[in-house]
Amino acid sequence: EPEVTQTPSHQVTQMGQEVILRCVPISNHLYFYWYRQILGQKVEFLVSFYNNEISEKSEIFDDQFSVERPDGSNFTLKIRSTKLEDSAMYFCASSLPEGVHEQYFGPGTRLTVT
Amino acid sequence: DAKTTQPPSMDCAEGRAANLPCNHSTISGNEYVYWYRQIHSQGPQYIIHGLKNNETNEMASLIITEDRKSSTLILPHATLRDTAVYYCIATTSGTYKYIFGTGTRLKVLA
């Protein structure tokens, strides 16, 4: 069964550094998402992406964040100048195009900012 | 998207049916009800979704009331592996953002 994959599974970085989280969505999916979950808190929507542009973003997704689909398979989330409060699990998800389709989530990347 | 309300926790005996309720009294006519679960800190896992008819798949059944203001997810024979946090989400389409609540923490007891 196809699945969303994410790398790395755990990333440790120092405050102020830039990190790139990578995701490989399911191959025939065209909508891509990033969510995050701070330890013990709710899963929060960050951004959705379709047709090489952002469809929607939350207030969390400020200028510190950016997304990119650099090639036909990867979908990345870049966090510039990381802060302690960016420590969280980051989940990538994908879904089929228009219509009533569920989102499939990856296993997540645990980001620890020290 | 409509707000959903779920009980914070529930217990269920292994082998028995687990019935997880969700209230979505402000749901609009074009909003679907999606159910996901999250085991430990893994990525949320899709379970089932519906609009107004009851739905069943290999994992669960979804019962939506006629007025669509509430629904119940039924795991027919709960196992220890079903211990997880279950989320009910109301959204207009699978291509839109999901607003996760705090969900119901289901503990299946041996």
# chains A, B, ... in the order shown; residues from 1 in each chain; ligands from 1
call {"tool": "closest_atom_pairs", "arguments": {"of": "region 15-107 of chain B", "to": "region 81-91 of chain A", "cutoff": "12 Å", "atoms": "only C-alpha atoms", "output": "CSV"}}
result
residue,atom,partner,partner_atom,distance
B:Gln38,CA,A:Phe91,CA,11.8
B:His40,CA,A:Met89,CA,11.7
B:Ser41,CA,A:Met89,CA,7.9
B:Gln42,CA,A:Phe91,CA,8.9
B:Gly43,CA,A:Phe91,CA,6.4
B:Pro44,CA,A:Phe91,CA,8.7
B:Gln45,CA,A:Phe91,CA,11.5
call {"tool": "write_last_selection", "arguments": {"atoms": "N, CA and C atoms", "output": "PDB file, in the first residue's frame"}}
result
ATOM      1  N   GLN B  38      -4.722   8.590  16.121  1.00  0.00           N
ATOM      2  CA  GLN B  38      -3.296   8.793  16.278  1.00  0.00           C
ATOM      3  C   GLN B  38      -2.815   7.892  17.401  1.00  0.00           C
ATOM      4  N   HIS B  40       0.092   6.846  19.728  1.00  0.00           N
ATOM      5  CA  HIS B  40       1.280   7.506  20.308  1.00  0.00           C
ATOM      6  C   HIS B  40       1.540   8.789  19.539  1.00  0.00           C
ATOM      7  N   SER B  41       2.694   9.015  19.045  1.00  0.00           N
ATOM      8  CA  SER B  41       3.006  10.241  18.312  1.00  0.00           C
ATOM      9  C   SER B  41       3.146   9.983  16.826  1.00  0.00           C
ATOM     10  N   GLN B  42       2.525   8.902  16.353  1.00  0.00           N
ATOM     11  CA  GLN B  42       2.579   8.600  14.929  1.00  0.00           C
ATOM     12  C   GLN B  42       1.697   9.576  14.156  1.00  0.00           C
ATOM     13  N   GLY B  43       1.819   9.569  12.847  1.00  0.00           N
ATOM     14  CA  GLY B  43       0.968  10.405  12.022  1.00  0.00           C
ATOM     15  C   GLY B  43      -0.485   9.966  12.115  1.00  0.00           C
ATOM     16  N   PRO B  44      -1.419  10.900  12.068  1.00  0.00           N
ATOM     17  CA  PRO B  44      -2.836  10.521  12.091  1.00  0.00           C
ATOM     18  C   PRO B  44      -3.158   9.549  10.967  1.00  0.00           C
ATOM     19  N   GLN B  45      -4.002   8.587  11.306  1.00  0.00           N
ATOM     20  CA  GLN B  45      -4.371   7.539  10.361  1.00  0.00           C
ATOM     21  C   GLN B  45      -5.842   7.691  10.002  1.00  0.00           C
TER      22      GLN B  45
END
call {"tool": "interface_residues", "arguments": {"of": "chain B", "to": "chain A", "cutoff": "10 Å", "atoms": "only C-alpha atoms", "output": "VMD selection string"}}
result
chain B and resid 32 34 to 36 38 41 to 51 91 to 103
call {"tool": "write_last_selection", "arguments": {"atoms": "N, CA and C atoms", "output": "mmCIF file, in the first residue's frame"}}
result
data_model
loop_
_atom_site.group_PDB
_atom_site.id
_atom_site.type_symbol
_atom_site.label_atom_id
_atom_site.label_comp_id
_atom_site.auth_asym_id
_atom_site.auth_seq_id
_atom_site.Cartn_x
_atom_site.Cartn_y
_atom_site.Cartn_z
ATOM 1 N N TYR B 32 -18.340 17.240 5.333
ATOM 2 C CA TYR B 32 -18.222 15.825 5.613
ATOM 3 C C TYR B 32 -17.672 15.638 7.024
ATOM 4 N N TYR B 34 -15.061 13.386 9.031
ATOM 5 C CA TYR B 34 -13.914 12.492 8.889
ATOM 6 C C TYR B 34 -13.490 12.014 10.279
ATOM 7 N N TRP B 35 -13.050 10.781 10.319
ATOM 8 C CA TRP B 35 -12.485 10.235 11.550
ATOM 9 C C TRP B 35 -11.053 9.786 11.287
ATOM 10 N N TYR B 36 -10.173 10.188 12.190
ATOM 11 C CA TYR B 36 -8.775 9.786 12.168
ATOM 12 C C TYR B 36 -8.409 9.289 13.551
ATOM 13 N N GLN B 38 -4.722 8.590 16.121
ATOM 14 C CA GLN B 38 -3.296 8.793 16.278
ATOM 15 C C GLN B 38 -2.815 7.892 17.401
ATOM 16 N N SER B 41 2.694 9.015 19.045
ATOM 17 C CA SER B 41 3.006 10.241 18.312
ATOM 18 C C SER B 41 3.146 9.983 16.826
ATOM 19 N N GLN B 42 2.525 8.902 16.353
ATOM 20 C CA GLN B 42 2.579 8.600 14.929
ATOM 21 C C GLN B 42 1.697 9.576 14.156
ATOM 22 N N GLY B 43 1.819 9.569 12.847
ATOM 23 C CA GLY B 43 0.968 10.405 12.022
ATOM 24 C C GLY B 43 -0.485 9.966 12.115
ATOM 25 N N PRO B 44 -1.419 10.900 12.068
ATOM 26 C CA PRO B 44 -2.836 10.521 12.091
ATOM 27 C C PRO B 44 -3.158 9.549 10.967
ATOM 28 N N GLN B 45 -4.002 8.587 11.306
ATOM 29 C CA GLN B 45 -4.371 7.539 10.361
ATOM 30 C C GLN B 45 -5.842 7.691 10.002
ATOM 31 N N TYR B 46 -6.134 7.737 8.718
ATOM 32 C CA TYR B 46 -7.516 7.845 8.253
ATOM 33 C C TYR B 46 -8.303 6.590 8.631
ATOM 34 N N ILE B 47 -9.542 6.797 9.082
ATOM 35 C CA ILE B 47 -10.403 5.661 9.396
ATOM 36 C C ILE B 47 -11.576 5.594 8.430
ATOM 37 N N ILE B 48 -12.360 6.654 8.380
ATOM 38 C CA ILE B 48 -13.600 6.620 7.608
ATOM 39 C C ILE B 48 -14.144 8.034 7.473
ATOM 40 N N HIS B 49 -15.002 8.262 6.502
ATOM 41 C CA HIS B 49 -15.691 9.547 6.415
ATOM 42 C C HIS B 49 -17.081 9.346 5.840
ATOM 43 N N GLY B 50 -17.947 10.349 6.048
ATOM 44 C CA GLY B 50 -19.299 10.275 5.525
ATOM 45 C C GLY B 50 -19.928 11.647 5.451
ATOM 46 N N LEU B 51 -21.017 11.726 4.690
ATOM 47 C CA LEU B 51 -21.758 12.974 4.550
ATOM 48 C C LEU B 51 -23.079 12.898 5.307
ATOM 49 N N THR B 91 -15.283 18.939 7.693
ATOM 50 C CA THR B 91 -14.663 19.802 6.696
ATOM 51 C C THR B 91 -15.384 19.630 5.373
ATOM 52 N N THR B 92 -15.258 20.635 4.516
ATOM 53 C CA THR B 92 -16.010 20.593 3.267
ATOM 54 C C THR B 92 -15.433 19.622 2.258
ATOM 55 N N SER B 93 -14.156 19.320 2.357
ATOM 56 C CA SER B 93 -13.564 18.441 1.352
ATOM 57 C C SER B 93 -12.242 17.916 1.859
ATOM 58 N N GLY B 94 -11.819 16.799 1.333
ATOM 59 C CA GLY B 94 -10.527 16.265 1.729
ATOM 60 C C GLY B 94 -9.366 17.117 1.300
ATOM 61 N N THR B 95 -9.621 18.070 0.420
ATOM 62 C CA THR B 95 -8.520 18.905 -0.033
ATOM 63 C C THR B 95 -8.381 20.175 0.801
ATOM 64 N N TYR B 96 -9.139 20.272 1.858
ATOM 65 C CA TYR B 96 -9.044 21.428 2.725
ATOM 66 C C TYR B 96 -8.318 21.072 4.015
ATOM 67 N N LYS B 97 -7.894 22.095 4.699
ATOM 68 C CA LYS B 97 -7.177 21.878 5.942
ATOM 69 C C LYS B 97 -8.070 21.176 6.946
ATOM 70 N N TYR B 98 -7.450 20.366 7.769
ATOM 71 C CA TYR B 98 -8.149 19.740 8.874
ATOM 72 C C TYR B 98 -7.904 20.569 10.122
ATOM 73 N N ILE B 99 -8.968 20.790 10.877
ATOM 74 C CA ILE B 99 -8.856 21.417 12.183
ATOM 75 C C ILE B 99 -9.032 20.319 13.218
ATOM 76 N N PHE B 100 -7.942 19.947 13.850
ATOM 77 C CA PHE B 100 -7.991 18.890 14.846
ATOM 78 C C PHE B 100 -8.379 19.464 16.195
ATOM 79 N N GLY B 101 -9.256 18.755 16.885
ATOM 80 C CA GLY B 101 -9.549 19.083 18.275
ATOM 81 C C GLY B 101 -8.644 18.262 19.176
ATOM 82 N N THR B 102 -9.090 18.083 20.409
ATOM 83 C CA THR B 102 -8.298 17.302 21.356
ATOM 84 C C THR B 102 -8.628 15.809 21.281
ATOM 85 N N GLY B 103 -9.722 15.453 20.586
ATOM 86 C CA GLY B 103 -10.036 14.057 20.360
ATOM 87 C C GLY B 103 -10.471 13.309 21.601
#
call {"tool": "residues_around", "arguments": {"residues": "Glu58 (chain B)", "least_positions_apart": "2", "cutoff": "12 Å", "atoms": "only C-alpha atoms", "output": "list in words"}}
result
Tyr46, Ile47, Ile48, Glu55, Thr56, Ala60, Ser61, Leu62, Ile74, Leu75, Pro76 and His77 of chain B
call {"tool": "residues_around", "arguments": {"residues": "Val85 (chain B)", "least_positions_apart": "5", "cutoff": "7 Å", "atoms": "only C-alpha atoms", "output": "compact mmCIF listing (two decimals) with all heavy atoms, in the first residue's frame"}}
result
# COMPACT_ATOMS: atom_id res chain seq x y z
N ARG B 37 -7.32 8.55 13.63
CA ARG B 37 -6.77 8.21 14.93
C ARG B 37 -5.26 8.40 14.93
O ARG B 37 -4.62 8.36 13.88
CB ARG B 37 -7.13 6.78 15.32
CG ARG B 37 -6.43 5.68 14.55
CD ARG B 37 -6.92 4.33 15.02
NE ARG B 37 -6.22 3.22 14.37
CZ ARG B 37 -6.53 1.95 14.57
NH1 ARG B 37 -7.52 1.61 15.39
NH2 ARG B 37 -5.86 1.01 13.93
N GLN B 38 -4.72 8.59 16.12
CA GLN B 38 -3.30 8.79 16.28
C GLN B 38 -2.82 7.89 17.40
O GLN B 38 -3.25 8.02 18.55
CB GLN B 38 -2.98 10.26 16.59
CG GLN B 38 -1.50 10.57 16.58
CD GLN B 38 -1.21 12.04 16.80
OE1 GLN B 38 -1.97 12.76 17.41
NE2 GLN B 38 -0.08 12.49 16.27
N ILE B 39 -1.94 6.99 17.04
CA ILE B 39 -1.38 6.05 18.01
C ILE B 39 -0.03 6.59 18.46
O ILE B 39 0.86 6.80 17.63
CB ILE B 39 -1.22 4.65 17.37
CG1 ILE B 39 -2.60 4.12 16.96
CG2 ILE B 39 -0.52 3.70 18.32
CD1 ILE B 39 -2.57 2.85 16.15
N GLY B 103 -9.72 15.45 20.59
CA GLY B 103 -10.04 14.06 20.36
C GLY B 103 -10.47 13.31 21.60
O GLY B 103 -10.59 13.86 22.70
N THR B 104 -10.72 12.01 21.40
CA THR B 104 -11.07 11.09 22.50
C THR B 104 -9.93 10.09 22.65
O THR B 104 -9.59 9.40 21.69
CB THR B 104 -12.37 10.33 22.21
OG1 THR B 104 -13.46 11.24 22.17
CG2 THR B 104 -12.63 9.27 23.30
N ARG B 105 -9.40 10.02 23.84
CA ARG B 105 -8.36 9.03 24.11
C ARG B 105 -9.05 7.72 24.48
O ARG B 105 -9.63 7.60 25.56
CB ARG B 105 -7.45 9.51 25.24
CG ARG B 105 -6.25 8.61 25.50
CD ARG B 105 -5.30 9.25 26.50
NE ARG B 105 -4.73 10.50 25.99
CZ ARG B 105 -3.68 10.58 25.19
NH1 ARG B 105 -3.05 9.47 24.81
NH2 ARG B 105 -3.22 11.75 24.80
N LEU B 106 -9.00 6.76 23.59
CA LEU B 106 -9.61 5.44 23.82
C LEU B 106 -8.57 4.49 24.36
O LEU B 106 -7.50 4.31 23.76
CB LEU B 106 -10.20 4.88 22.52
CG LEU B 106 -10.75 3.46 22.61
CD1 LEU B 106 -12.02 3.44 23.45
CD2 LEU B 106 -11.01 2.87 21.22
call {"tool": "residues_around", "arguments": {"residues": "Glu66 (chain B)", "least_positions_apart": "4", "cutoff": "10 Å", "atoms": "only C-alpha atoms", "output": "list in words"}}
result
Lys52, Asn53, Asn54, Ser70 and Ser71 of chain B
call {"tool": "write_last_selection", "arguments": {"atoms": "all heavy atoms", "output": "compact mmCIF listing (two decimals), in the first residue's frame"}}
result
# COMPACT_ATOMS: atom_id res chain seq x y z
N LYS B 52 -23.93 11.98 4.92
CA LYS B 52 -25.18 11.82 5.65
C LYS B 52 -25.61 10.38 5.81
O LYS B 52 -26.34 10.04 6.73
CB LYS B 52 -26.31 12.63 5.02
CG LYS B 52 -26.46 12.50 3.54
CD LYS B 52 -27.50 13.49 3.04
CE LYS B 52 -27.56 13.52 1.54
NZ LYS B 52 -28.52 14.51 1.04
N ASN B 53 -25.13 9.52 4.91
CA ASN B 53 -25.46 8.11 5.06
C ASN B 53 -24.48 7.41 5.98
O ASN B 53 -23.34 7.86 6.14
CB ASN B 53 -25.41 7.42 3.69
CG ASN B 53 -26.45 7.98 2.75
OD1 ASN B 53 -27.55 8.31 3.17
ND2 ASN B 53 -26.08 8.09 1.49
N ASN B 54 -24.92 6.34 6.59
CA ASN B 54 -24.01 5.53 7.39
C ASN B 54 -23.00 4.86 6.48
O ASN B 54 -23.32 4.52 5.33
CB ASN B 54 -24.80 4.48 8.18
CG ASN B 54 -25.77 5.12 9.16
OD1 ASN B 54 -25.57 6.27 9.58
ND2 ASN B 54 -26.80 4.40 9.52
N SER B 70 -24.70 15.02 14.95
CA SER B 70 -23.77 14.20 15.69
C SER B 70 -23.49 12.91 14.92
O SER B 70 -24.23 12.55 13.99
CB SER B 70 -24.29 13.86 17.09
OG SER B 70 -25.45 13.06 17.00
N SER B 71 -22.43 12.23 15.32
CA SER B 71 -22.09 10.96 14.69
C SER B 71 -21.41 10.06 15.72
O SER B 71 -20.99 10.53 16.78
CB SER B 71 -21.19 11.18 13.47
OG SER B 71 -19.97 11.80 13.84
